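See below for the structure under consideration.
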Amino acid sequence: MSLFASSAMTPGPSKASTSNDPTSRAVPAGSVPPIAAKTADPFAQAASQMPVALRRRLARLATSSVLVVGDIASYLIAYFVLLSFLPSGTEGMILERTFTIAALASIVLYASAGLYPGYRLHDHEHLRRRTMATFKVAVLTAFGAIILPEGGPLLLAVIGFLALGLIVQPLVHWLERGLCWKLGIWGERAVVIGGDNLTPAIVAHFKNHWQHGIKPEPFFHDSLEALPDGGPSIAVIAGDTGSLGPDLAAMRRKFAEVILLSDTPSLKVSGLRPADVGGEIGIRLTTSGSWINSDLIRRILDLAIAIPAMIVVAPFIAFAAAAIYAIDPGPVFFRHTREGRSGRPVHVLKLRTMYQDAEQRLEALFRDNPTMRAEWLSHFKLKDDPRILPVIGHMLRSSSIDELPQLANIIAGQMAIVGPRPFPEYHLLAMDGEFRNKRRSVTPGLTGLWQISERSNADIELQQQLDEFYIDNRSLWLDCQILLSTIPAVFKRRGAY
C-alpha cells in the first residue's frame with residue numbers, strides 16, 4: 001500500500017495567529033518574562049518634582065546602567081563556561097585580559113549602536129546590531145592575532161568567548177527589561193495621535209508590546225496647547241491625524257521626539273515599511289541597500305539547517321508514522337499541492353493526522369452544525385475537529401511534528417526554513433488577488449511570522465496582515481529572529497490545534 005495519502009483529502013490549514021478585534025490585534029509579546037507584571041512606579045512621587053528633560057535622562061541612564069550590567073554578567077558567564085578550557089600561568093592571564101578588552105569593546109559598540117536602552121527597535125534589529133558589533137570586535141581580534149606571534153589560539157579563544165556572550169545576552173536582556181518594567185523605569189511616555197478610529201488599537205499595541213519602550217497615552221485634545229506641561233516627551237503619529245498632521249514644527253517645539261509610526265506585524269498603520277526605516281518603529285530619512293545576494297545566503301543556510309535536522313528527526317518521523325498506521329491503517333504521509341514561488345506548484349509533505357475519510361466527515365459536520373461552518377470560514381480551522389486522529393493526531397499537530405517531513409521540501413528547494421506558510425487553494429481564494437501576487441514573490445516556509453504568534457487563532461484578515469508585514473520587511477535578520485522564536489512558540493503550543 002502506498003505511504004502517501006491522496007491529495008484530494010482536505011487537510012487542516014497551517015497554523016496562524018490572533019483575533020478579530022482591531023483594537024486587540026497586537027501580537028502578544030512572546031518575550032514578556034514572569035516578573036514583567038506592571039506595578040506602581042516606586043519613583044513616581046519623587047520624579048514628579050523634577051523637570052521633564054532631567055527626569056527622562058535619569059530614567060534612560062538608570063535603564064541603560066542595568067542593561068550594561070547585564071551584558072557584563074553575560075560575558076562573565078561565558079568566561080566561567082570556558083574557564084576549564086583555558087591554560088594556566090602567563091598564557092591564561094593574557095587570555096583573561098584579552099577577554100576583558102573584547103567585552104569592553106563590544107559594550108562600547110553596543111552603546112554606539114543605540115542598544116542602551118534600545119527603545120523603539122524591533123527585536124530582529126536588536127539581534128542585527130548586537131551581531132554586527134560582535135563581528136567588528138572579532139575582526140579587530142583577528143588583525144591582532146595576525147600581528148602577534150602564535151596568535152592563532154588567542155583568536156579562537158576570543159571568538160568562542162564572544163560567541164558564547166552573544167548567545168547568553170538575549171536571555172539576560174529579556175530578564176533585565178522585565179526588571180526595569182517592574183521598577184517603573186522602562187520606557188517613556190508618548191502621546192498617540194492617530195485619529196479616533198486608530199488610536200485605541202495603537203495604544204493597545206504598545207501596552208502589549210511594552211518592550212518597545214513606549215508608554216502610550218491617547219490624544220483627545222483639540223490642539224497641542226491643550227497638553228499640560230510636564231506631560232509625555234514623545235509624540236507618535238499614525239494614519240490620518242487631521243489638522244495636527246502638517247504642523248510638525250509645533251510638535252517639535254512641544255515634544256522631545258516626534259515619530260511617524262510605521263506598520264507593525266499585527267497592525268497596519270500607514271504603509272511605511274520597517275525595513276525602510278532602519279529596523280525602528282518609526283520613520284527615518286535614510287535607507288541602505290543590501291550588498292549581498294540574500295537569496296543565495298538563505299539557500300545556503302536552509303541546506304545547512306535542513307540536512308542535519310532531517311537526519312536527527314528521522315527516527316521521530318518513523319515512530320510517528322508507525323503510531324498513525326496502528327490507529328488508522330493506510331498511508332502515513334499526506335502530500336498536498338500548494339502554491340509556491342512564482343505560482344509554481346509545491347507538493348507539501350506532512351505526516352497524516354486525519355482519518356482517511358476526512359473530507360466526508362467535514363461535509364457531514366457542516367450539514368449538522370452551522371456554527372462549526374462559520375468557524376471554518378473565518379479561520380479554515382476547527383478547535384474541535386472530528387477529522388483528527390485520536391491522541392496521536394492532536395499531539396503531532398500541537399507540537400508541529402507533523403510538518404517535519406517538509407524538511408525534504410526544503411532540501412529540494414521547493415520551500416525555505418522561514419517564509420509565508422504554503423496555503424491550500426481554498427484558503428488562498430479567501431484573500432485578495434493583489435496579496436496573492438505578493439505571496440508568489442517569495443518562497444513559502446516551514447515557519448513564519450504567525451507561527452511565533454498565536455498560530456491557529458488568527459482569522460483570514462490577520463493571517464494576511466502578518467504575511468504582508470513579513471514580505472514587505474523580509475531580511476536575513478528578521479528570518480533569524482523568527483527562527484529563534486519558533487522553538488519557544490512550539491513548546492508553548494498556544495493556538496496550536
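By order of appearance in the C-alpha cells: chains A, B, ..., then residues from 1 within every chain, and ligands from 1 in the order shown.
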If we count only C-alpha atoms, what is near Ile94 in chain A at a cut-off of 9 Å, once residues fewer than 5 positions away on the same chain are taken out, given as a list of chain:residue names? A:Gly89, A:Phe99, A:Leu154
Surrounding residues of Pro345 in chain A excluding itself and chain neighbours under 5 positions, 10 Å, only C-alpha atoms, as a PDB file with N, CA, C and O atoms, in the first residue's frame:
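Here's the written file around.pdb:
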```
ATOM      1  N   HIS A 336       0.067  17.242  -0.422  1.00  0.00           N
ATOM      2  CA  HIS A 336      -0.957  18.117  -0.970  1.00  0.00           C
ATOM      3  C   HIS A 336      -0.296  19.210  -1.800  1.00  0.00           C
ATOM      4  O   HIS A 336       0.747  19.740  -1.431  1.00  0.00           O
ATOM      5  N   THR A 337      -0.908  19.552  -2.910  1.00  0.00           N
ATOM      6  CA  THR A 337      -0.345  20.569  -3.801  1.00  0.00           C
ATOM      7  C   THR A 337      -0.704  21.962  -3.291  1.00  0.00           C
ATOM      8  O   THR A 337      -1.884  22.277  -3.102  1.00  0.00           O
ATOM      9  N   ARG A 338       0.298  22.781  -3.085  1.00  0.00           N
ATOM     10  CA  ARG A 338       0.123  24.171  -2.658  1.00  0.00           C
ATOM     11  C   ARG A 338       0.803  25.095  -3.671  1.00  0.00           C
ATOM     12  O   ARG A 338       1.567  24.644  -4.526  1.00  0.00           O
ATOM     13  N   GLU A 339       0.558  26.377  -3.517  1.00  0.00           N
ATOM     14  CA  GLU A 339       1.140  27.366  -4.420  1.00  0.00           C
ATOM     15  C   GLU A 339       2.473  27.838  -3.862  1.00  0.00           C
ATOM     16  O   GLU A 339       2.568  28.277  -2.715  1.00  0.00           O
ATOM     17  N   GLY A 340       3.522  27.765  -4.696  1.00  0.00           N
ATOM     18  CA  GLY A 340       4.846  28.182  -4.272  1.00  0.00           C
ATOM     19  C   GLY A 340       5.284  29.482  -4.925  1.00  0.00           C
ATOM     20  O   GLY A 340       4.466  30.264  -5.416  1.00  0.00           O
ATOM     21  N   GLN A 414      11.991  23.563  -2.827  1.00  0.00           N
ATOM     22  CA  GLN A 414      10.610  23.995  -3.024  1.00  0.00           C
ATOM     23  C   GLN A 414      10.126  24.905  -1.904  1.00  0.00           C
ATOM     24  O   GLN A 414       9.177  25.662  -2.084  1.00  0.00           O
ATOM     25  N   PRO A 422       2.729  27.760   3.022  1.00  0.00           N
ATOM     26  CA  PRO A 422       2.026  27.454   1.764  1.00  0.00           C
ATOM     27  C   PRO A 422       0.592  27.019   2.049  1.00  0.00           C
ATOM     28  O   PRO A 422       0.360  25.956   2.609  1.00  0.00           O
TER      29      PRO A 422
END
```
Skip range 428-445 of chain A itself and residues of its chain fewer than 2 positions away, then list as a VMD selection string all residues within 9 Å of it, counting only C-alpha atoms. chain A and resid 339 to 344 377 410 413 to 426 447 to 448 460 to 461 464 467 to 468 471
Would you mind exporting the chosen residues as a CSV table (one decimal), in the first residue's frame, restricted to N, CA, C and O atoms?
```csv
chain,number,residue,atom,x,y,z
A,339,GLU,N,0.6,26.4,-3.5
A,339,GLU,CA,1.1,27.4,-4.4
A,339,GLU,C,2.5,27.8,-3.9
A,339,GLU,O,2.6,28.3,-2.7
A,340,GLY,N,3.5,27.8,-4.7
A,340,GLY,CA,4.8,28.2,-4.3
A,340,GLY,C,5.3,29.5,-4.9
A,340,GLY,O,4.5,30.3,-5.4
A,341,ARG,N,6.6,29.7,-4.9
A,341,ARG,CA,7.1,30.9,-5.5
A,341,ARG,C,6.8,31.0,-7.0
A,341,ARG,O,6.9,30.0,-7.7
A,342,SER,N,6.5,32.2,-7.5
A,342,SER,CA,6.1,32.4,-8.9
A,342,SER,C,5.0,31.6,-9.3
A,342,SER,O,4.8,31.3,-10.5
A,343,GLY,N,4.1,31.1,-8.4
A,343,GLY,CA,3.0,30.3,-8.7
A,343,GLY,C,3.2,28.9,-9.0
A,343,GLY,O,2.3,28.1,-9.4
A,344,ARG,N,4.5,28.4,-8.9
A,344,ARG,CA,4.8,27.0,-9.2
A,344,ARG,C,4.2,26.1,-8.1
A,344,ARG,O,4.2,26.4,-6.9
A,377,LEU,N,-15.1,29.0,8.0
A,377,LEU,CA,-15.0,30.1,7.1
A,377,LEU,C,-14.2,31.3,7.6
A,377,LEU,O,-13.6,32.0,6.8
A,410,ILE,N,12.3,21.4,1.7
A,410,ILE,CA,13.4,22.5,1.8
A,410,ILE,C,14.6,22.0,1.1
A,410,ILE,O,15.3,22.8,0.4
A,413,GLY,N,14.5,22.5,-2.5
A,413,GLY,CA,14.4,23.8,-3.0
A,413,GLY,C,13.0,24.3,-3.2
A,413,GLY,O,12.8,25.4,-3.7
A,414,GLN,N,12.0,23.6,-2.8
A,414,GLN,CA,10.6,24.0,-3.0
A,414,GLN,C,10.1,24.9,-1.9
A,414,GLN,O,9.2,25.7,-2.1
A,415,MET,N,10.7,24.8,-0.7
A,415,MET,CA,10.4,25.6,0.4
A,415,MET,C,11.6,26.1,1.1
A,415,MET,O,12.8,25.7,0.7
A,416,ALA,N,11.4,27.1,2.0
A,416,ALA,CA,12.5,27.6,2.8
A,416,ALA,C,12.3,27.3,4.3
A,416,ALA,O,11.2,26.9,4.7
A,417,ILE,N,13.3,27.5,5.1
A,417,ILE,CA,13.1,27.4,6.5
A,417,ILE,C,12.1,28.4,7.0
A,417,ILE,O,11.1,28.1,7.8
A,418,VAL,N,12.2,29.7,6.6
A,418,VAL,CA,11.4,30.8,7.0
A,418,VAL,C,10.7,31.4,5.8
A,418,VAL,O,11.3,31.7,4.8
A,419,GLY,N,9.4,31.6,5.9
A,419,GLY,CA,8.6,32.2,4.9
A,419,GLY,C,7.1,32.1,5.1
A,419,GLY,O,6.7,31.4,6.1
A,420,PRO,N,6.3,32.7,4.3
A,420,PRO,CA,4.9,32.5,4.5
A,420,PRO,C,4.5,31.0,4.3
A,420,PRO,O,5.0,30.4,3.4
A,421,ARG,N,3.6,30.5,5.1
A,421,ARG,CA,3.2,29.1,5.0
A,421,ARG,C,2.5,28.9,3.7
A,421,ARG,O,1.7,29.8,3.2
A,422,PRO,N,2.7,27.8,3.0
A,422,PRO,CA,2.0,27.5,1.8
A,422,PRO,C,0.6,27.0,2.0
A,422,PRO,O,0.4,26.0,2.6
A,423,PHE,N,-0.4,27.9,1.7
A,423,PHE,CA,-1.8,27.6,2.0
A,423,PHE,C,-2.4,26.8,0.9
A,423,PHE,O,-2.0,26.9,-0.3
A,424,PRO,N,-3.5,26.0,1.2
A,424,PRO,CA,-4.3,25.4,0.2
A,424,PRO,C,-5.0,26.4,-0.7
A,424,PRO,O,-5.2,27.5,-0.3
A,425,GLU,N,-5.5,25.9,-1.9
A,425,GLU,CA,-6.1,26.8,-2.8
A,425,GLU,C,-7.4,27.4,-2.2
A,425,GLU,O,-7.6,28.6,-2.3
A,426,TYR,N,-8.2,26.6,-1.5
A,426,TYR,CA,-9.4,27.2,-0.9
A,426,TYR,C,-9.1,28.3,0.2
A,426,TYR,O,-9.9,29.2,0.4
A,447,THR,N,8.4,27.7,8.8
A,447,THR,CA,7.9,28.5,9.9
A,447,THR,C,7.8,29.9,9.4
A,447,THR,O,8.5,30.3,8.4
A,448,GLY,N,7.0,30.7,10.1
A,448,GLY,CA,6.8,32.1,9.6
A,448,GLY,C,6.4,33.0,10.8
A,448,GLY,O,6.4,32.6,11.9
A,460,ILE,N,-8.6,35.2,8.8
A,460,ILE,CA,-8.0,35.4,7.5
A,460,ILE,C,-7.4,36.8,7.3
A,460,ILE,O,-6.3,36.9,6.8
A,461,GLU,N,-8.0,37.8,7.9
A,461,GLU,CA,-7.5,39.2,7.7
A,461,GLU,C,-6.2,39.3,8.4
A,461,GLU,O,-5.2,39.9,7.9
A,464,GLN,N,-3.3,37.5,6.6
A,464,GLN,CA,-2.8,38.3,5.5
A,464,GLN,C,-2.0,39.4,6.0
A,464,GLN,O,-0.9,39.7,5.4
A,467,ASP,N,1.5,38.0,7.0
A,467,ASP,CA,2.3,37.6,5.9
A,467,ASP,C,2.8,38.8,5.1
A,467,ASP,O,3.9,38.9,4.6
A,468,GLU,N,1.9,39.8,5.0
A,468,GLU,CA,2.3,41.0,4.2
A,468,GLU,C,3.4,41.8,4.9
A,468,GLU,O,4.3,42.3,4.3
A,471,ILE,N,6.6,39.9,4.2
A,471,ILE,CA,7.1,40.1,2.8
A,471,ILE,C,7.7,41.5,2.6
A,471,ILE,O,8.7,41.6,2.0
```
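If only C-alpha atoms are the atoms counted, then among A:Leu58, A:Ile392, A:Ala157, A:Ile487 the closest residue to Leu95 in chain A is A:Ala157.
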All residues 10 Å or closer to Thr100 in chain A, only C-alpha atoms, same chain fewer than 5 positions away omitted, as a PyMOL selection string: chain A and resi 72+75-76+79+94-95+105-106+158
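Taking CA of Ala142 in chain A as the reference point, CA of Thr98 in chain A is found at 12.2 Å.
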Long-range neighbours of Gly165 in chain A as JSON, numbers by chain, 10 Å cut-off, only C-alpha atoms, 5 positions minimum in chain: {"A": [71, 72, 73, 74, 75, 76, 77, 78, 79, 103, 134, 159, 160, 170]}
Mind dumping the selected residues with N, CA and C atoms as a PDB file, in the first residue's frame?
```pdb
ATOM      1  N   ASP A  71      24.963  42.873  30.361  1.00  0.00           N
ATOM      2  CA  ASP A  71      25.907  42.419  29.326  1.00  0.00           C
ATOM      3  C   ASP A  71      27.242  42.017  29.946  1.00  0.00           C
ATOM      4  N   ILE A  72      27.660  42.737  30.974  1.00  0.00           N
ATOM      5  CA  ILE A  72      28.876  42.335  31.686  1.00  0.00           C
ATOM      6  C   ILE A  72      28.680  40.952  32.319  1.00  0.00           C
ATOM      7  N   ALA A  73      27.510  40.744  32.915  1.00  0.00           N
ATOM      8  CA  ALA A  73      27.213  39.441  33.518  1.00  0.00           C
ATOM      9  C   ALA A  73      27.202  38.336  32.459  1.00  0.00           C
ATOM     10  N   SER A  74      26.697  38.656  31.269  1.00  0.00           N
ATOM     11  CA  SER A  74      26.686  37.657  30.192  1.00  0.00           C
ATOM     12  C   SER A  74      28.101  37.236  29.820  1.00  0.00           C
ATOM     13  N   TYR A  75      29.016  38.201  29.735  1.00  0.00           N
ATOM     14  CA  TYR A  75      30.397  37.857  29.405  1.00  0.00           C
ATOM     15  C   TYR A  75      31.078  37.114  30.551  1.00  0.00           C
ATOM     16  N   LEU A  76      30.696  37.413  31.790  1.00  0.00           N
ATOM     17  CA  LEU A  76      31.243  36.651  32.917  1.00  0.00           C
ATOM     18  C   LEU A  76      30.776  35.198  32.852  1.00  0.00           C
ATOM     19  N   ILE A  77      29.517  34.990  32.484  1.00  0.00           N
ATOM     20  CA  ILE A  77      29.009  33.629  32.326  1.00  0.00           C
ATOM     21  C   ILE A  77      29.801  32.897  31.239  1.00  0.00           C
ATOM     22  N   ALA A  78      30.033  33.594  30.128  1.00  0.00           N
ATOM     23  CA  ALA A  78      30.814  32.988  29.038  1.00  0.00           C
ATOM     24  C   ALA A  78      32.228  32.641  29.510  1.00  0.00           C
ATOM     25  N   TYR A  79      32.812  33.526  30.314  1.00  0.00           N
ATOM     26  CA  TYR A  79      34.168  33.276  30.818  1.00  0.00           C
ATOM     27  C   TYR A  79      34.204  32.028  31.702  1.00  0.00           C
ATOM     28  N   ALA A 103      35.317  42.261  25.694  1.00  0.00           N
ATOM     29  CA  ALA A 103      33.994  42.522  26.264  1.00  0.00           C
ATOM     30  C   ALA A 103      33.727  44.015  26.363  1.00  0.00           C
ATOM     31  N   THR A 134      29.586  42.534  17.594  1.00  0.00           N
ATOM     32  CA  THR A 134      30.450  41.414  17.968  1.00  0.00           C
ATOM     33  C   THR A 134      31.368  41.023  16.814  1.00  0.00           C
ATOM     34  N   ILE A 159      37.057  34.381  19.881  1.00  0.00           N
ATOM     35  CA  ILE A 159      35.842  34.176  19.086  1.00  0.00           C
ATOM     36  C   ILE A 159      34.836  33.306  19.848  1.00  0.00           C
ATOM     37  N   GLY A 160      35.330  32.245  20.502  1.00  0.00           N
ATOM     38  CA  GLY A 160      34.447  31.419  21.318  1.00  0.00           C
ATOM     39  C   GLY A 160      33.832  32.196  22.466  1.00  0.00           C
ATOM     40  N   PRO A 170      20.726  37.589  24.957  1.00  0.00           N
ATOM     41  CA  PRO A 170      19.271  37.774  24.799  1.00  0.00           C
ATOM     42  C   PRO A 170      18.464  37.356  26.026  1.00  0.00           C
TER      43      PRO A 170
END
```
